[in-house]
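*Asks:* My structure is in entry-v6.txt, and what it holds is compact mmCIF, C-alpha atoms:
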```txt
# COMPACT_ATOMS: atom_id res chain seq x y z
CA MET T 1 176.29 8.12 7.23
CA GLN T 2 178.51 10.88 8.58
CA LEU T 3 178.09 14.05 6.56
CA TYR T 4 180.37 16.26 8.63
CA THR T 5 184.03 15.51 9.28
CA HIS T 6 186.95 17.76 10.12
CA ALA T 7 188.61 16.86 6.80
CA ARG T 8 185.47 17.81 4.87
CA ALA T 9 185.29 21.13 6.70
CA ILE T 10 188.90 21.88 5.67
CA THR T 11 188.12 20.83 2.10
CA LEU T 12 185.05 23.04 1.94
CA GLY T 13 186.96 25.95 3.43
CA ALA T 14 189.79 25.55 0.91
CA ALA T 15 187.30 25.37 -1.96
CA CYS T 16 185.50 28.53 -0.78
CA LEU T 17 188.82 30.32 -0.39
CA GLY T 18 189.86 29.37 -3.91
CA THR T 19 186.54 30.52 -5.33
CA GLY T 20 186.79 33.82 -3.48
CA VAL T 21 190.31 34.48 -4.73
CA PHE T 22 189.31 33.75 -8.33
CA LEU T 23 186.28 36.04 -8.01
CA VAL T 24 188.27 38.91 -6.47
CA LEU T 25 190.99 38.63 -9.12
CA ASN T 26 188.35 38.30 -11.86
CA LEU T 27 189.92 35.07 -13.07
CA PRO T 28 187.93 32.87 -15.48
CA LEU T 29 185.82 29.91 -14.29
CA PRO T 30 185.97 30.86 -10.60
CA PHE T 31 183.46 28.23 -9.46
CA LEU T 32 185.34 25.42 -11.21
CA MET T 33 189.00 26.38 -11.27
CA GLY T 34 188.96 28.15 -7.87
CA PRO T 35 187.99 25.06 -5.81
CA LEU T 36 190.10 22.78 -8.02
CA THR T 37 193.24 24.91 -7.66
CA ALA T 38 192.87 25.55 -3.93
CA CYS T 39 192.13 21.91 -3.03
CA LEU T 40 195.01 20.73 -5.20
CA LEU T 41 197.42 23.12 -3.46
CA PHE T 42 196.13 22.20 0.00
CA ALA T 43 196.46 18.48 -0.81
CA VAL T 44 200.02 18.85 -2.09
CA ALA T 45 200.85 20.88 1.04
CA GLY T 46 199.76 17.93 3.20
CA ALA T 47 196.29 19.03 4.35
CA LYS T 48 193.84 16.27 5.20
CA LEU T 49 191.07 16.67 2.66
CA GLU T 50 188.02 14.55 1.94
CA GLY T 51 185.37 14.56 -0.78
CA MET T 52 181.83 15.64 0.05
CA GLY T 53 180.41 12.13 -0.20
CA VAL T 54 176.68 11.94 -0.90
CA ILE T 55 176.38 15.73 -1.10
CA GLY T 56 179.00 15.91 -3.82
CA THR T 57 177.31 13.08 -5.71
CA ALA T 58 173.92 14.78 -5.39
CA MET T 59 175.36 17.94 -6.92
CA ARG T 60 176.37 15.96 -10.00
CA THR T 61 172.66 15.29 -10.66
CA ILE T 62 172.46 18.94 -11.78
CA LEU T 63 174.56 18.02 -14.81
CA GLY T 64 172.10 15.32 -15.85
CA ILE T 65 169.26 17.81 -15.46
CA ALA T 66 171.12 20.44 -17.50
CA ILE T 67 171.75 17.99 -20.34
CA SER T 68 168.13 16.89 -20.74
CA ALA T 69 166.20 20.01 -19.74
CA SER T 70 166.61 21.40 -23.24
CA ILE T 71 165.77 18.18 -25.10
CA THR T 72 162.88 18.61 -27.52
CA PRO T 73 161.42 16.47 -30.33
CA ASN T 74 163.73 18.40 -32.67
CA THR T 75 166.70 17.25 -30.58
CA LEU T 76 165.65 13.61 -30.92
CA SER T 77 165.20 13.96 -34.66
CA ALA T 78 168.83 15.17 -34.88
CA LEU T 79 170.25 12.01 -33.25
CA PRO T 80 170.67 10.02 -36.51
CA GLY T 81 172.91 12.83 -37.71
CA PHE T 82 175.40 11.95 -34.97
CA ALA T 83 176.10 8.54 -36.58
CA PRO T 84 179.10 9.53 -38.76
CA THR T 85 181.14 10.59 -35.73
CA LEU T 86 179.64 8.13 -33.24
CA VAL T 87 181.01 5.19 -35.23
CA LEU T 88 184.49 6.62 -34.70
CA VAL T 89 184.24 6.35 -30.92
CA PRO T 90 184.96 2.58 -30.56
CA LEU T 91 187.95 3.02 -32.88
CA PHE T 92 189.02 6.02 -30.80
CA VAL T 93 188.93 3.89 -27.65
CA GLY T 94 190.85 1.11 -29.38
CA VAL T 95 193.66 3.43 -30.47
CA ILE T 96 193.89 4.86 -26.96
CA GLY T 97 194.30 1.35 -25.57
CA LEU T 98 196.91 0.39 -28.17
CA VAL T 99 198.95 3.47 -27.32
CA GLY T 100 198.27 3.68 -23.59
CA PHE T 101 199.03 0.12 -22.50
CA PRO T 102 202.60 -0.01 -23.88
CA PHE T 103 203.16 3.58 -22.74
CA PHE T 104 202.55 2.64 -19.12
CA HIS T 105 203.90 -0.93 -19.19
CA LYS T 106 206.84 -0.92 -21.60
CA LEU T 107 207.98 2.70 -21.29
CA LEU T 108 207.19 3.55 -17.66
CA GLY T 109 207.40 0.11 -16.06
CA PHE T 110 203.98 -0.19 -14.42
CA ASP T 111 202.61 -3.71 -13.99
CA ARG T 112 200.25 -5.05 -16.66
CA ALA T 113 196.99 -4.60 -14.72
CA THR T 114 197.82 -1.06 -13.62
CA SER T 115 198.95 -0.18 -17.14
CA PHE T 116 195.82 -1.43 -18.84
CA TYR T 117 193.25 0.11 -16.49
CA ALA T 118 195.18 3.37 -16.18
CA ALA T 119 195.12 3.63 -19.98
CA MET T 120 191.39 3.01 -20.39
CA PRO T 121 189.46 6.32 -20.68
CA GLY T 122 186.40 5.14 -18.79
CA GLY T 123 184.68 6.08 -15.58
CA LEU T 124 187.15 6.39 -12.71
CA GLN T 125 185.26 4.17 -10.27
CA ASP T 126 184.66 1.45 -12.84
CA MET T 127 188.31 1.33 -13.90
CA LEU T 128 189.48 1.23 -10.27
CA VAL T 129 187.12 -1.66 -9.48
CA PHE T 130 188.21 -3.62 -12.58
CA GLY T 131 191.87 -2.78 -11.97
CA GLU T 132 191.80 -3.80 -8.32
CA GLU T 133 190.19 -7.14 -9.20
CA ALA T 134 193.00 -7.70 -11.73
CA GLY T 135 195.66 -6.95 -9.10
CA GLY T 136 196.54 -3.41 -10.16
CA ASP T 137 197.83 -0.56 -7.99
CA VAL T 138 194.64 1.31 -7.06
CA ARG T 139 196.45 4.41 -5.76
CA ALA T 140 198.54 4.76 -8.93
CA MET T 141 195.50 4.26 -11.18
CA SER T 142 193.52 6.80 -9.17
CA LEU T 143 196.23 9.46 -9.44
CA ILE T 144 196.80 8.82 -13.15
CA HIS T 145 193.09 9.10 -13.98
CA ALA T 146 192.70 12.16 -11.75
CA THR T 147 195.64 13.82 -13.50
CA ARG T 148 194.20 13.01 -16.93
CA VAL T 149 190.92 14.67 -15.95
CA LEU T 150 192.68 17.57 -14.23
CA ALA T 151 194.89 18.33 -17.23
CA ILE T 152 191.97 18.31 -19.66
CA VAL T 153 189.55 20.25 -17.45
CA ALA T 154 192.20 22.85 -16.57
CA THR T 155 193.32 23.51 -20.14
CA ALA T 156 190.39 22.76 -22.46
CA PRO T 157 188.19 25.77 -21.55
CA PHE T 158 191.05 28.22 -22.12
CA VAL T 159 192.08 26.67 -25.43
CA ILE T 160 188.44 26.64 -26.54
CA ALA T 161 187.98 30.26 -25.46
CA TRP T 162 191.06 31.26 -27.45
CA ILE T 163 190.10 29.40 -30.63
CA TRP T 164 186.34 30.05 -30.60
CA ASP T 165 186.45 33.43 -28.79
CA ILE T 166 184.16 32.34 -25.95
CA ASP T 167 183.64 34.47 -22.82
CA LEU T 168 184.56 32.28 -19.83
CA THR T 169 183.24 34.85 -17.35
CA ALA T 170 179.65 34.76 -18.61
CA ALA T 171 176.96 33.20 -16.41
CA PRO T 172 176.15 29.59 -17.48
CA GLY T 173 172.41 30.25 -17.50
CA ALA T 174 169.58 32.50 -16.40
CA PRO T 175 169.36 33.50 -12.71
CA ALA T 176 167.09 31.52 -10.37
CA SER T 177 164.68 34.45 -10.17
CA ALA T 178 164.07 34.21 -13.93
CA VAL T 179 163.66 30.43 -13.98
CA GLY T 180 161.12 30.32 -11.16
CA TRP T 181 161.11 28.33 -7.95
CA GLY T 182 158.42 25.93 -9.19
CA GLN T 183 160.59 24.82 -12.09
CA ILE T 184 163.64 24.59 -9.82
CA ALA T 185 161.74 22.37 -7.37
CA ILE T 186 160.63 20.04 -10.18
CA MET T 187 164.18 19.84 -11.55
CA ALA T 188 165.63 19.11 -8.11
CA ALA T 189 163.05 16.38 -7.48
CA SER T 190 163.63 14.79 -10.90
CA GLY T 191 167.38 14.86 -10.32
CA LEU T 192 167.23 13.11 -6.96
CA ALA T 193 164.56 10.61 -8.06
CA GLY T 194 166.37 9.78 -11.29
CA TRP T 195 169.65 9.27 -9.44
CA LYS T 196 168.17 6.89 -6.86
CA ILE T 197 166.19 4.88 -9.42
CA ALA T 198 169.26 4.50 -11.64
CA GLU T 199 171.36 3.56 -8.63
CA ARG T 200 168.87 0.88 -7.62
CA VAL T 201 168.88 -0.75 -11.06
CA GLY T 202 172.70 -0.62 -11.22
CA LEU T 203 173.06 1.87 -14.08
CA PHE T 204 176.64 3.12 -14.49
CA GLY T 205 177.04 6.86 -13.94
CA ALA T 206 173.75 6.79 -12.03
CA SER T 207 174.07 10.29 -10.58
CA ILE T 208 174.15 11.82 -14.08
CA LEU T 209 172.40 9.29 -16.35
CA GLY T 210 169.42 8.73 -14.04
CA PRO T 211 168.50 12.43 -13.77
CA MET T 212 169.22 12.80 -17.48
CA ILE T 213 166.71 10.10 -18.46
CA LEU T 214 163.95 11.26 -16.12
CA THR T 215 164.44 14.95 -16.93
CA ALA T 216 164.35 14.19 -20.67
CA ALA T 217 160.91 12.63 -20.21
CA LEU T 218 159.69 15.63 -18.23
CA SER T 219 161.15 18.05 -20.76
CA LEU T 220 159.60 16.28 -23.75
CA THR T 221 156.18 16.36 -22.07
CA GLY T 222 156.50 20.05 -21.21
CA VAL T 223 156.69 19.63 -17.43
CA ILE T 224 160.20 21.07 -17.34
CA GLN T 225 160.44 24.16 -19.51
CA SER T 226 163.90 25.58 -18.82
CA ARG T 227 167.44 24.61 -17.99
CA PRO T 228 168.78 24.83 -14.43
CA PRO T 229 169.61 28.37 -13.32
CA ALA T 230 173.15 29.69 -13.18
CA GLU T 231 173.30 29.17 -9.42
CA MET T 232 172.72 25.42 -9.77
CA ILE T 233 175.34 25.11 -12.52
CA TRP T 234 177.83 27.04 -10.38
CA ALA T 235 177.14 24.66 -7.47
CA ALA T 236 177.84 21.65 -9.72
CA GLN T 237 181.07 23.27 -10.94
CA PHE T 238 182.12 24.01 -7.35
CA PHE T 239 181.77 20.41 -6.15
CA ILE T 240 183.35 18.92 -9.28
CA GLY T 241 186.36 21.24 -8.96
CA LEU T 242 186.61 20.36 -5.27
CA SER T 243 186.46 16.62 -5.90
CA VAL T 244 189.17 16.68 -8.59
CA GLY T 245 191.56 18.67 -6.38
CA ALA T 246 190.88 16.59 -3.26
CA LYS T 247 191.90 13.35 -5.01
CA TYR T 248 195.54 14.35 -4.47
CA VAL T 249 195.33 14.17 -0.66
CA GLY T 250 198.25 12.36 0.94
CA ILE T 251 200.37 12.55 -2.18
CA THR T 252 204.09 11.84 -1.74
CA PRO T 253 207.09 13.20 -3.67
CA ARG T 254 207.51 9.81 -5.34
CA GLU T 255 203.86 9.78 -6.44
CA ILE T 256 204.24 13.29 -7.86
CA ARG T 257 207.30 12.19 -9.81
CA VAL T 258 206.03 8.79 -10.97
CA ASP T 259 202.22 8.77 -11.04
CA ILE T 260 201.49 12.43 -11.71
CA GLY T 261 204.30 12.55 -14.26
CA ALA T 262 202.81 9.50 -15.98
CA GLY T 263 199.35 11.07 -15.93
CA LEU T 264 200.58 14.31 -17.46
CA GLY T 265 202.53 12.49 -20.15
CA TYR T 266 199.50 10.39 -20.96
CA ALA T 267 197.29 13.49 -21.13
CA VAL T 268 199.60 14.83 -23.85
CA LEU T 269 199.34 11.54 -25.78
CA LEU T 270 195.55 11.55 -25.45
CA THR T 271 195.42 15.12 -26.71
CA LEU T 272 197.36 14.15 -29.81
CA ILE T 273 195.09 11.15 -30.42
CA SER T 274 192.02 13.35 -29.88
CA LEU T 275 193.30 15.89 -32.40
CA GLY T 276 193.79 13.11 -34.94
CA PHE T 277 190.22 11.87 -34.52
CA LEU T 278 188.90 15.43 -34.53
CA TRP T 279 190.53 15.91 -37.93
CA ILE T 280 188.88 12.73 -39.22
CA ALA T 281 185.52 13.76 -37.75
CA VAL T 282 185.71 17.14 -39.45
CA GLN T 283 186.33 15.43 -42.81
CA ILE T 284 183.29 13.14 -42.57
CA SER T 285 180.75 15.24 -40.68
CA GLY T 286 179.17 18.65 -40.99
CA ALA T 287 178.72 18.96 -37.22
CA ASP T 288 179.99 22.03 -35.41
CA THR T 289 183.75 21.80 -34.81
CA LEU T 290 183.43 22.94 -31.18
CA ASP T 291 180.94 20.14 -30.49
CA MET T 292 183.25 17.61 -32.13
CA ALA T 293 186.29 18.87 -30.24
CA LEU T 294 184.51 18.46 -26.90
CA SER T 295 183.22 15.02 -27.95
CA PHE T 296 186.72 13.62 -28.49
CA LEU T 297 188.33 14.98 -25.32
CA PRO T 298 188.57 12.00 -22.94
CA GLY T 299 187.93 13.81 -19.67
CA GLY T 300 185.53 12.61 -16.99
CA GLN T 301 181.86 12.48 -17.96
CA GLY T 302 180.75 15.08 -15.42
CA GLU T 303 183.75 17.30 -16.02
CA MET T 304 183.21 17.36 -19.78
CA VAL T 305 179.55 18.26 -19.31
CA VAL T 306 180.67 21.26 -17.25
CA VAL T 307 183.09 22.35 -19.98
CA ALA T 308 180.38 21.89 -22.65
CA ILE T 309 177.93 24.01 -20.65
CA ILE T 310 180.52 26.75 -20.16
CA ALA T 311 181.37 26.69 -23.88
CA GLY T 312 177.73 26.77 -24.96
CA ALA T 313 178.11 23.55 -26.95
CA ASP T 314 175.37 21.18 -28.10
CA LEU T 315 175.03 19.07 -24.96
CA SER T 316 173.10 16.26 -26.64
CA PHE T 317 175.85 15.82 -29.26
CA VAL T 318 178.72 15.96 -26.76
CA VAL T 319 177.12 13.74 -24.14
CA THR T 320 176.04 11.09 -26.67
CA HIS T 321 179.65 10.69 -27.78
CA HIS T 322 180.97 10.47 -24.22
CA LEU T 323 178.32 7.91 -23.32
CA MET T 324 179.40 5.85 -26.32
CA ARG T 325 183.00 6.07 -25.10
CA LEU T 326 182.08 5.01 -21.56
CA PHE T 327 179.83 2.20 -22.79
CA THR T 328 182.58 0.90 -25.09
CA VAL T 329 185.19 0.97 -22.33
CA ILE T 330 182.99 -0.60 -19.65
CA LEU T 331 181.83 -3.32 -22.05
CA LEU T 332 185.22 -4.25 -23.49
CA ALA T 333 187.74 -3.41 -20.73
CA PRO T 334 187.07 -6.50 -18.56
CA ILE T 335 187.26 -8.78 -21.60
CA LEU T 336 190.47 -7.35 -23.04
CA GLY T 337 191.94 -6.76 -19.59
CA ALA T 338 191.61 -10.44 -18.70
CA ARG T 339 193.82 -11.28 -21.67
CA LEU T 340 196.41 -8.52 -21.41
CA THR T 341 196.92 -8.57 -17.63
CA LYS T 342 197.75 -12.29 -17.60
CA GLY T 343 200.30 -12.21 -20.40
```
Would you write the structure of this file as structure tokens?

*Replies:*
Amino acid sequence: MQLYTHARAITLGAACLGTGVFLVLNLPLPFLMGPLTACLLFAVAGAKLEGMGVIGTAMRTILGIAISASITPNTLSALPGFAPTLVLVPLFVGVIGLVGFPFFHKLLGFDRATSFYAAMPGGLQDMLVFGEEAGGDVRAMSLIHATRVLAIVATAPFVIAWIWDIDLTAAPGAPASAVGWGQIAIMAASGLAGWKIAERVGLFGASILGPMILTAALSLTGVIQSRPPAEMIWAAQFFIGLSVGAKYVGITPREIRVDIGAGLGYAVLLTLISLGFLWIAVQISGADTLDMALSFLPGGQGEMVVVAIIAGADLSFVVTHHLMRLFTVILLAPILGARLTKG
């Protein structure tokens, strides 16, 4: 396993440069938007970038820790209250598919397999695997999904800050010195152990769900008594921003025009669908509107956790809804895809 490559060094340098520029200019979300913006610009300019591999995946375990570190018996007792909006999620996924498939296939001319798996708002890797097996264009699907995530992650925090008057420059947690190195060591160990156990049993989203499950157990028993410090959350933001921007490496003018254009158009459609379901959710539930808004934004699982942490939302509420979305897509996509891609 080669951890260092020239492309990764360039990627890391670009991400650090972007973070530094955002910090110097006092721009919001420097550890997320700085790396994302810089790596995106470097990729479009033709630089050879590469994701951080196992290191980048390991950093995502911090998100699983952050979700579950604050889980208490009171949190568990609140789960039945999520039911009114949780039951909307399968319908939400169904509407997305009904709109997305014809959008890509009939309107934009993509083949049936590419259209279906590009439309499904599930985990990127899962949709690429399913789509490739069905004969879809993996590169096009990858760029469309990356653009969907990019558009939502780049705009959602600012819209949320404007509507709910949230300070995007505030630290996402207490400093490491206040949390204590003993607690940090336990959290790091639970994150890595949970990830590897989940990976071994084949759990989807292992790098987040594994640490989330193990950390929840440690939090409920009082072993873990605080959330990860700000420095760990910043590190997770940094590597997520980097990975989103680096997905555009090697992009061509045609791909910008066709695939990125399709992804941006689809992001607008998804936003409209999300707003519709948010309106319905508000009518049937007394949950916080910020939590509901974040729950019906179909960004990537890790990326939406970052946005929820930044916004100070109820992580258990938001993550439960996104897990329902991912579970629904991963369960149903291969079944429906087998029918639609052969028509």

*Asks:* Between T:Ser142, T:Thr85, T:Ser243, T:Asn74, which is the closest to Glu50 of chain T once you count all atoms listed in the file?

*Replies:*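 Distance minimum relative to Glu50 of chain T lands on T:Ser243.
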
*Asks:* T:Ser219, T:Thr72, T:Thr341, T:Thr147: which is nearest Tyr266 of chain T, counting only C-alpha atoms?

*Replies:*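 Using only C-alpha atoms, Tyr266 of chain T sits closest to T:Thr147.
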
*Asks:* Given all atoms listed in the file, how would the per-residue table for segment 152-216 of chain T near segment 52-63 of chain T read, listing every residue at most 6 Å away with its closest atom pair and distance in Å to one decimal, sorted by chain and number, as JSON lines?

*Replies:*
```
{"residue": "T:Gly191", "atom": "CA", "partner": "T:Thr61", "partner_atom": "CA", "distance": 5.3}
{"residue": "T:Ser207", "atom": "CA", "partner": "T:Thr61", "partner_atom": "CA", "distance": 5.2}
{"residue": "T:Ile208", "atom": "CA", "partner": "T:Thr61", "partner_atom": "CA", "distance": 5.1}
{"residue": "T:Pro211", "atom": "CA", "partner": "T:Thr61", "partner_atom": "CA", "distance": 5.9}
```

*Asks:* Counting only C-alpha atoms, what is within 8 Å of segment 156-162 of chain T, bar same-chain residues fewer than 5 positions away, as a PyMOL selection string?

*Replies:* chain T and resi 167-168+290+307+310-311

*Asks:* Suppose you want the space between atom CA of Gly300 of chain T and atom CA of Val268 of chain T; what is it in Å?

*Replies:* 15.8 Å

*Asks:* What does the distance from atom CA of Ile144 of chain T to atom CA of Asp259 of chain T come to in Å, to one decimal?

*Replies:*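 Taking atom CA of Ile144 of chain T and atom CA of Asp259 of chain T, their separation equals 5.8 Å.
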
*Asks:* Dig up all the protein and nucleic acid residues within 8 Å of (197.2, 13.3, -9.4) in the file frame, using only C-alpha atoms, and format them as a list in words.

*Replies:*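 The answer, in the requested form, is Ser142, Leu143, Ile144, His145, Ala146, Thr147, Leu150, Lys247, Tyr248, Ile251, Ile256, Asp259, Ile260 and Gly263 of chain T.
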
*Asks:* With C-alpha atoms retained, export the selected residues as a compact mmCIF listing (two decimals), keeping the file's coordinate frame.

*Replies:*
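Okay, part.txt is ready:
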```txt
# COMPACT_ATOMS: atom_id res chain seq x y z
CA SER T 142 193.52 6.80 -9.17
CA LEU T 143 196.23 9.46 -9.44
CA ILE T 144 196.80 8.82 -13.15
CA HIS T 145 193.09 9.10 -13.98
CA ALA T 146 192.70 12.16 -11.75
CA THR T 147 195.64 13.82 -13.50
CA LEU T 150 192.68 17.57 -14.23
CA LYS T 247 191.90 13.35 -5.01
CA TYR T 248 195.54 14.35 -4.47
CA ILE T 251 200.37 12.55 -2.18
CA ILE T 256 204.24 13.29 -7.86
CA ASP T 259 202.22 8.77 -11.04
CA ILE T 260 201.49 12.43 -11.71
CA GLY T 263 199.35 11.07 -15.93
```

*Asks:* Within 8 Å of (169.9, 10.9, -14.3), in the coordinates the file gives, what residues turn up when you count all atoms listed in the file, written out as a ChimeraX atom specification?

*Replies:* /T:61,64-65,191,194-195,198,206-215

*Asks:* Just want the 7 Å neighbourhood of Ala119 of chain T, counted on only C-alpha atoms, with same-chain residues fewer than 3 positions away dropped. Output as a PyMOL selection string.

*Replies:* chain T and resi 97+100-101+115-116

*Asks:* Generate the output file for the selected residues, C-alpha atoms, as a JSON list (two decimals), in the frame of the given file.

*Replies:*
```json
[["chain", "number", "residue", "atom", "x", "y", "z"],
["T", 97, "GLY", "CA", 194.30, 1.35, -25.57],
["T", 100, "GLY", "CA", 198.27, 3.68, -23.59],
["T", 101, "PHE", "CA", 199.03, 0.12, -22.50],
["T", 115, "SER", "CA", 198.95, -0.18, -17.14],
["T", 116, "PHE", "CA", 195.82, -1.43, -18.84]]
```

*Asks:* Between T:Ile71, T:Ala333, T:Leu124, T:Ala151, single out the one closest to Leu270 of chain T, counting only C-alpha atoms.

*Replies:*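 So, comparing all the options, the nearest one is T:Ala151.
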
*Asks:* Which residues come within 12 Å of Ile309 of chain T, counting all atoms listed in the file, excluding same-chain residues fewer than 3 positions away, as a PyMOL selection string?

*Replies:* chain T and resi 29+62-67+70+157+166+168+170-173+227-230+233-234+236-237+290-291+294+302-306+312-316+318-319

*Asks:* For the residues selected in the previous step, produce a file with C-alpha atoms as a PDB file, in the frame of the given file.

*Replies:*
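Below is the file again.pdb, written as the result:
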```
ATOM      1  CA  LEU T  29     185.820  29.910 -14.290  1.00  0.00           C
ATOM      2  CA  ILE T  62     172.460  18.940 -11.780  1.00  0.00           C
ATOM      3  CA  LEU T  63     174.560  18.020 -14.810  1.00  0.00           C
ATOM      4  CA  GLY T  64     172.100  15.320 -15.850  1.00  0.00           C
ATOM      5  CA  ILE T  65     169.260  17.810 -15.460  1.00  0.00           C
ATOM      6  CA  ALA T  66     171.120  20.440 -17.500  1.00  0.00           C
ATOM      7  CA  ILE T  67     171.750  17.990 -20.340  1.00  0.00           C
ATOM      8  CA  SER T  70     166.610  21.400 -23.240  1.00  0.00           C
ATOM      9  CA  PRO T 157     188.190  25.770 -21.550  1.00  0.00           C
ATOM     10  CA  ILE T 166     184.160  32.340 -25.950  1.00  0.00           C
ATOM     11  CA  LEU T 168     184.560  32.280 -19.830  1.00  0.00           C
ATOM     12  CA  ALA T 170     179.650  34.760 -18.610  1.00  0.00           C
ATOM     13  CA  ALA T 171     176.960  33.200 -16.410  1.00  0.00           C
ATOM     14  CA  PRO T 172     176.150  29.590 -17.480  1.00  0.00           C
ATOM     15  CA  GLY T 173     172.410  30.250 -17.500  1.00  0.00           C
ATOM     16  CA  ARG T 227     167.440  24.610 -17.990  1.00  0.00           C
ATOM     17  CA  PRO T 228     168.780  24.830 -14.430  1.00  0.00           C
ATOM     18  CA  PRO T 229     169.610  28.370 -13.320  1.00  0.00           C
ATOM     19  CA  ALA T 230     173.150  29.690 -13.180  1.00  0.00           C
ATOM     20  CA  ILE T 233     175.340  25.110 -12.520  1.00  0.00           C
ATOM     21  CA  TRP T 234     177.830  27.040 -10.380  1.00  0.00           C
ATOM     22  CA  ALA T 236     177.840  21.650  -9.720  1.00  0.00           C
ATOM     23  CA  GLN T 237     181.070  23.270 -10.940  1.00  0.00           C
ATOM     24  CA  LEU T 290     183.430  22.940 -31.180  1.00  0.00           C
ATOM     25  CA  ASP T 291     180.940  20.140 -30.490  1.00  0.00           C
ATOM     26  CA  LEU T 294     184.510  18.460 -26.900  1.00  0.00           C
ATOM     27  CA  GLY T 302     180.750  15.080 -15.420  1.00  0.00           C
ATOM     28  CA  GLU T 303     183.750  17.300 -16.020  1.00  0.00           C
ATOM     29  CA  MET T 304     183.210  17.360 -19.780  1.00  0.00           C
ATOM     30  CA  VAL T 305     179.550  18.260 -19.310  1.00  0.00           C
ATOM     31  CA  VAL T 306     180.670  21.260 -17.250  1.00  0.00           C
ATOM     32  CA  GLY T 312     177.730  26.770 -24.960  1.00  0.00           C
ATOM     33  CA  ALA T 313     178.110  23.550 -26.950  1.00  0.00           C
ATOM     34  CA  ASP T 314     175.370  21.180 -28.100  1.00  0.00           C
ATOM     35  CA  LEU T 315     175.030  19.070 -24.960  1.00  0.00           C
ATOM     36  CA  SER T 316     173.100  16.260 -26.640  1.00  0.00           C
ATOM     37  CA  VAL T 318     178.720  15.960 -26.760  1.00  0.00           C
ATOM     38  CA  VAL T 319     177.120  13.740 -24.140  1.00  0.00           C
TER      39      VAL T 319
END
```

*Asks:* Give one line per residue of segment 203-280 of chain T that approaches segment 5-27 of chain T to at most 10 Å, naming the two atoms of the closest pair and their distance in Å to one decimal, counting all atoms listed in the file; sort by chain then ascending residue number and deliver it as CSV.

*Replies:*
```
residue,atom,partner,partner_atom,distance
T:Phe238,CA,T:Ala15,CA,7.6
T:Phe239,CA,T:Ala15,CA,8.5
T:Gly241,CA,T:Ala15,CA,8.2
T:Leu242,CA,T:Ala15,CA,6.0
T:Ser243,CA,T:Thr11,CA,9.2
T:Gly245,CA,T:Ala15,CA,9.1
T:Ala246,CA,T:Thr11,CA,7.4
```

*Asks:* Go ahead and write the selection's residues with C-alpha atoms as a PDB file, in the coordinates of the input.

*Replies:*
```pdb
ATOM      1  CA  PHE T 238     182.120  24.010  -7.350  1.00  0.00           C
ATOM      2  CA  PHE T 239     181.770  20.410  -6.150  1.00  0.00           C
ATOM      3  CA  GLY T 241     186.360  21.240  -8.960  1.00  0.00           C
ATOM      4  CA  LEU T 242     186.610  20.360  -5.270  1.00  0.00           C
ATOM      5  CA  SER T 243     186.460  16.620  -5.900  1.00  0.00           C
ATOM      6  CA  GLY T 245     191.560  18.670  -6.380  1.00  0.00           C
ATOM      7  CA  ALA T 246     190.880  16.590  -3.260  1.00  0.00           C
TER       8      ALA T 246
END
```

*Asks:* How far is it from atom CA of Ile240 of chain T to atom CA of Gly276 of chain T, in Å with one decimal?

*Replies:*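 Value for the atom CA of Ile240 of chain T-atom CA of Gly276 of chain T distance: 28.3 Å.
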